[in-house]
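Engineer: Handing you a structure now.
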Amino acid sequence: MRLTYPSNIRIIRVPCTGKVDLLYILRAFEKGADGVYLVGCLEGDCRFNSGNLRAKKRVEKAKQLLAKVGIGED
């Protein structure tokens with residue numbers, strides 16, 4: 001089943017959320033994105049061992065940085 005998304009949503013597929021670097025998240029906001037949504041394996045059930053835990057740490061760091069610059073962590 002293929003889902004259709006509005007034209008302002010961009011899907012970027014990666015093999016593992018652990019491959020999403022902090023700079024990619026921040027660059028999305030720099031380029032005008034309203035938000036970034038990472039979807040991956042359940043915690044403790046990553047196909048690549050601990051990729052989702054690395055991604056979780058990076059998202060937390062991004063939230064801290066965004067809060068510091070006044071964008072907000074949500």
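Ordering of the structure tokens sets the chain letters (A, B, ...), residue numbers begin anew at 1 in every chain, and ligands are numbered from 1 in the order given.
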Going by DSSP on the backbone, which residues of chain A come out as helix (DSSP H, G or I)? List them as a ChimeraX atom specification.
Structural biologist: /A:17-19,22-30,51-68
Engineer: Using only C-alpha atoms, which protein or nucleic acid residues come within 12 Å of region 35-49 of chain A? Drop anything in the same chain fewer than 4 positions from it, and give the result as an MDAnalysis selection string.
Structural biologist: chainID A and resid 8:22 24:31 53:56 58:59 62:63 66 71:74
Engineer: Would you mind reading off the distance between CA of Leu23 (chain A) and CA of Lys61 (chain A), one decimal, in Å?
Structural biologist: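 Pair CA of Leu23 (chain A) / CA of Lys61 (chain A) returns 10.6 Å.
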Engineer: Quick check, in Å to one decimal: how far apart do CA of Ala67 (chain A) and CA of Ala33 (chain A) lie?
Structural biologist: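 Separation of CA of Ala67 (chain A) and CA of Ala33 (chain A): 15.7 Å.
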